[in-house]
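Chemist: Compact mmCIF, C-alpha atoms, saved as target31.txt, coming up:
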```
# COMPACT_ATOMS: atom_id res chain seq x y z
CA MET A 18 -10.78 -14.46 8.75
CA THR A 19 -12.01 -11.55 10.86
CA LEU A 20 -11.17 -7.95 10.00
CA GLN A 21 -8.88 -7.78 13.04
CA GLN A 22 -6.97 -10.90 11.93
CA LEU A 23 -6.75 -9.55 8.39
CA SER A 24 -5.43 -6.22 9.69
CA LYS A 25 -2.74 -7.97 11.72
CA ALA A 26 -1.71 -10.23 8.83
CA LEU A 27 -1.52 -7.34 6.36
CA THR A 28 0.52 -5.28 8.83
CA SER A 29 3.04 -8.11 8.87
CA VAL A 30 3.10 -8.54 5.07
CA TYR A 31 3.50 -4.81 4.45
CA ASN A 32 6.27 -4.49 7.05
CA THR A 33 8.21 -7.36 5.47
CA ILE A 34 7.49 -7.83 1.76
CA GLY A 35 6.28 -4.26 1.22
CA ASN A 36 9.37 -2.76 2.84
CA ASP A 37 11.63 -5.14 0.91
CA TRP A 38 10.11 -3.88 -2.34
CA ILE A 39 10.43 -0.24 -1.24
CA THR A 40 14.07 -0.49 -0.17
CA GLU A 41 15.13 -2.52 -3.21
CA ASN A 42 13.52 -0.21 -5.78
CA LEU A 43 13.18 3.24 -4.24
CA VAL A 44 15.28 5.80 -2.41
CA SER A 45 13.61 5.33 0.95
CA GLU A 46 14.13 3.84 4.35
CA PRO A 47 11.64 1.19 5.47
CA PHE A 48 8.38 2.41 6.90
CA GLU A 49 6.61 1.06 9.94
CA PHE A 50 3.14 0.19 8.71
CA LYS A 51 0.02 -0.23 10.82
CA VAL A 52 -3.01 -1.53 8.95
CA TYR A 53 -6.71 -1.36 9.74
CA VAL A 54 -9.19 -3.14 7.48
CA ARG A 55 -12.81 -2.08 7.49
CA LYS A 56 -15.87 -2.92 5.47
CA GLY A 57 -16.71 -0.30 2.90
CA ASP A 58 -19.81 1.79 3.45
CA SER A 59 -22.10 3.65 1.07
CA THR A 60 -19.47 6.37 0.52
CA ASP A 61 -16.74 3.90 -0.52
CA LEU A 62 -16.16 2.42 -3.96
CA TYR A 63 -14.91 -0.86 -2.48
CA SER A 64 -16.40 -3.53 -0.27
CA TYR A 65 -13.24 -3.59 1.90
CA VAL A 66 -10.93 -0.66 2.61
CA ILE A 67 -7.39 -1.05 3.91
CA GLU A 68 -6.28 2.02 5.82
CA VAL A 69 -2.48 2.10 5.97
CA TYR A 70 -0.83 4.29 8.60
CA THR A 71 2.92 4.94 8.68
CA ASP A 72 5.47 6.09 11.23
CA ARG A 73 6.23 9.13 9.05
CA PRO A 74 4.49 10.67 6.03
CA ILE A 75 5.01 8.92 2.70
CA PRO A 76 6.04 11.34 -0.06
CA GLU A 77 3.56 11.55 -2.91
CA THR A 78 6.46 10.76 -5.26
CA ILE A 79 9.43 8.58 -4.27
CA PRO A 80 12.56 8.55 -6.47
CA TYR A 81 13.80 5.32 -8.06
CA LYS A 82 16.98 3.86 -6.62
CA ASP A 83 18.19 2.90 -10.11
CA PRO A 84 17.84 5.80 -12.60
CA SER A 85 17.52 3.32 -15.50
CA ASN A 86 14.06 2.40 -14.13
CA GLN A 87 12.77 5.87 -14.91
CA ILE A 88 9.99 5.80 -17.43
CA SER A 89 9.78 8.80 -19.75
CA ARG A 90 10.27 11.92 -17.64
CA ALA A 91 9.20 10.45 -14.31
CA ASP A 92 11.80 10.71 -11.57
CA GLY A 93 10.10 8.18 -9.34
CA ILE A 94 6.87 6.43 -8.56
CA HIS A 95 3.66 8.14 -7.61
CA ILE A 96 1.84 6.97 -4.48
CA SER A 97 -0.78 5.38 -6.77
CA VAL A 98 1.85 2.87 -7.98
CA MET A 99 2.61 1.94 -4.38
CA ARG A 100 -1.13 1.63 -3.74
CA ASP A 101 -1.43 -0.87 -6.61
CA LYS A 102 1.59 -2.85 -5.36
CA PHE A 103 0.17 -3.06 -1.84
CA LYS A 104 -3.21 -4.07 -3.23
CA LYS A 105 -1.53 -7.03 -4.95
CA LEU A 106 0.32 -7.92 -1.74
CA ALA A 107 -3.04 -8.23 0.04
CA ASN A 108 -3.71 -11.33 -2.08
CA TYR A 109 -0.99 -13.15 -0.12
CA ILE A 110 -3.46 -13.22 2.77
CA GLU A 111 -6.92 -13.20 1.20
CA THR A 112 -8.20 -13.31 -2.37
CA PHE A 113 -9.92 -10.12 -3.47
CA GLY A 114 -11.47 -9.09 -6.74
CA GLY A 115 -14.58 -11.22 -6.92
CA PHE A 116 -18.13 -9.94 -6.70
CA GLY A 117 -18.70 -8.28 -3.33
CA LYS A 118 -15.04 -8.57 -2.42
CA THR A 119 -13.32 -5.57 -3.96
CA LEU A 120 -10.45 -3.89 -2.20
CA GLY A 121 -9.31 -0.30 -1.83
CA ILE A 122 -6.07 0.94 -0.29
CA ASP A 123 -5.84 4.30 1.48
CA PHE A 124 -2.46 5.58 2.63
CA MET A 125 -3.48 7.81 5.50
CA ASP A 126 -0.18 9.67 6.02
CA VAL A 127 0.84 11.12 2.64
CA LYS A 128 3.00 14.22 2.32
CA ARG A 129 1.66 16.13 -0.67
CA ASP A 130 4.31 17.51 -3.03
```
Go ahead and render the structure in this file as structure tokens.

Modeler:
Amino acid sequence: MTLQQLSKALTSVYNTIGNDWITENLVSEPFEFKVYVRKGDSTDLYSYVIEVYTDRPIPETIPYKDPSNQISRADGIHISVMRDKFKKLANYIETFGGFGKTLGIDFMDVKRD
């Protein structure tokens, strides 16, 4: 699969499954995701980097829809939790994690708290 095909496939997965997860668990409207996958370079920690752009900035912390999901004193999830979730969703399209095939996720439009 080429990087362009992978970008298109991940855009679709994130706009469907990713948004389903967001709207079911968090106080947020769906986002419109646009994904670009590139090979990592010498400045990256990963062999592939997924750059995720959104139609509006993603808050650094998003509140839980159900308050019983709150862990300890956290009011919501940090963007790093969403990054991990989206990293797992990438495996629907391509298997990552082996030698020379590590994956990093960068949300490009994050609104810092």

Chemist: Would you mind listing what lies within 7 Å of Lys82 (chain A) as number ranges by chain, with only C-alpha atoms counted and same-chain residues fewer than 5 positions away left out?

Modeler: A: 42-44

Chemist: If we count only C-alpha atoms, what is near region 48-51 of chain A at a cut-off of 6 Å, once residues fewer than 4 positions away on the same chain are taken out, given as JSON, numbers by chain?

Modeler: {"A": [28, 32, 69, 70, 71, 72]}

Chemist: Counting all atoms listed in the file, which residues sit no farther than 6 Å from the position (13.2, -0.6, 3.3) in the file's frame? I'd like them as a compact mmCIF listing (two decimals) with C-alpha atoms, in the coordinates of the input.

Modeler:
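New file selection_34.txt:
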```
# COMPACT_ATOMS: atom_id res chain seq x y z
CA ASN A 36 9.37 -2.76 2.84
CA ASP A 37 11.63 -5.14 0.91
CA ILE A 39 10.43 -0.24 -1.24
CA THR A 40 14.07 -0.49 -0.17
CA GLU A 46 14.13 3.84 4.35
CA PRO A 47 11.64 1.19 5.47
```

Chemist: Give me, as number ranges by chain, all polymer residues having an atom no more than 8 Å from Val66 (chain A), counting all atoms listed in the file and skipping those fewer than 6 positions away in the same chain.

Modeler: A: 54-57, 120-123

Chemist: Would you compute the distance between CA of Phe103 (chain A) and CA of Met18 (chain A)? Give it in Å to one decimal.

Modeler: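 For CA of Phe103 (chain A) relative to CA of Met18 (chain A), the distance reads 19.0 Å.
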
Chemist: Would you mind reading off the distance between CA of Thr112 (chain A) and CA of Tyr63 (chain A), one decimal, in Å?

Modeler: 14.1 Å

Chemist: Give the centre and edge lengths of an axis-aligned box, in Å to one decimal, that holds all listed atoms of region 58-62 of chain A with 6 Å on each side, as JSON.

Modeler:
```
{"center_x": -19.1, "center_y": 4.1, "center_z": -0.3, "size_x": 17.9, "size_y": 16.6, "size_z": 19.4}
```

Chemist: Quick one: of A:Val98, A:Val52, A:Ile79, A:Met125, who's nearest to Lys25 (chain A), counting only C-alpha atoms?

Modeler: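 Nearest candidate to Lys25 (chain A) out of A:Val98, A:Val52, A:Ile79, A:Met125: A:Val52.
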
Chemist: Would you list the contacts of Glu111 (chain A) as number ranges by chain, taking every protein, DNA or RNA residue within 10 Å and counting all atoms listed in the file, but skipping same-chain residues closer than 4 positions in sequence?

Modeler: A: 18, 23, 26-27, 106-107

Chemist: Which value, in Å to one decimal, gives the distance between CA of Thr78 (chain A) and CA of Ser97 (chain A)?

Modeler: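 About the pair CA of Thr78 (chain A) and CA of Ser97 (chain A): they are 9.1 Å apart.
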
Chemist: For Lys118 (chain A), list every protein, DNA or RNA residue within 8 Å, evaluated using all atoms listed in the file, and leave out those in the same chain fewer than 5 positions away; present the list as a VMD selection string.

Modeler: chain A and resid 63 to 65 113

Chemist: So, counting all atoms listed in the file, which residue among A:Pro80, A:Gln21, A:Phe124, A:Tyr53 is closest to Asp101 (chain A)?

Modeler: A:Phe124
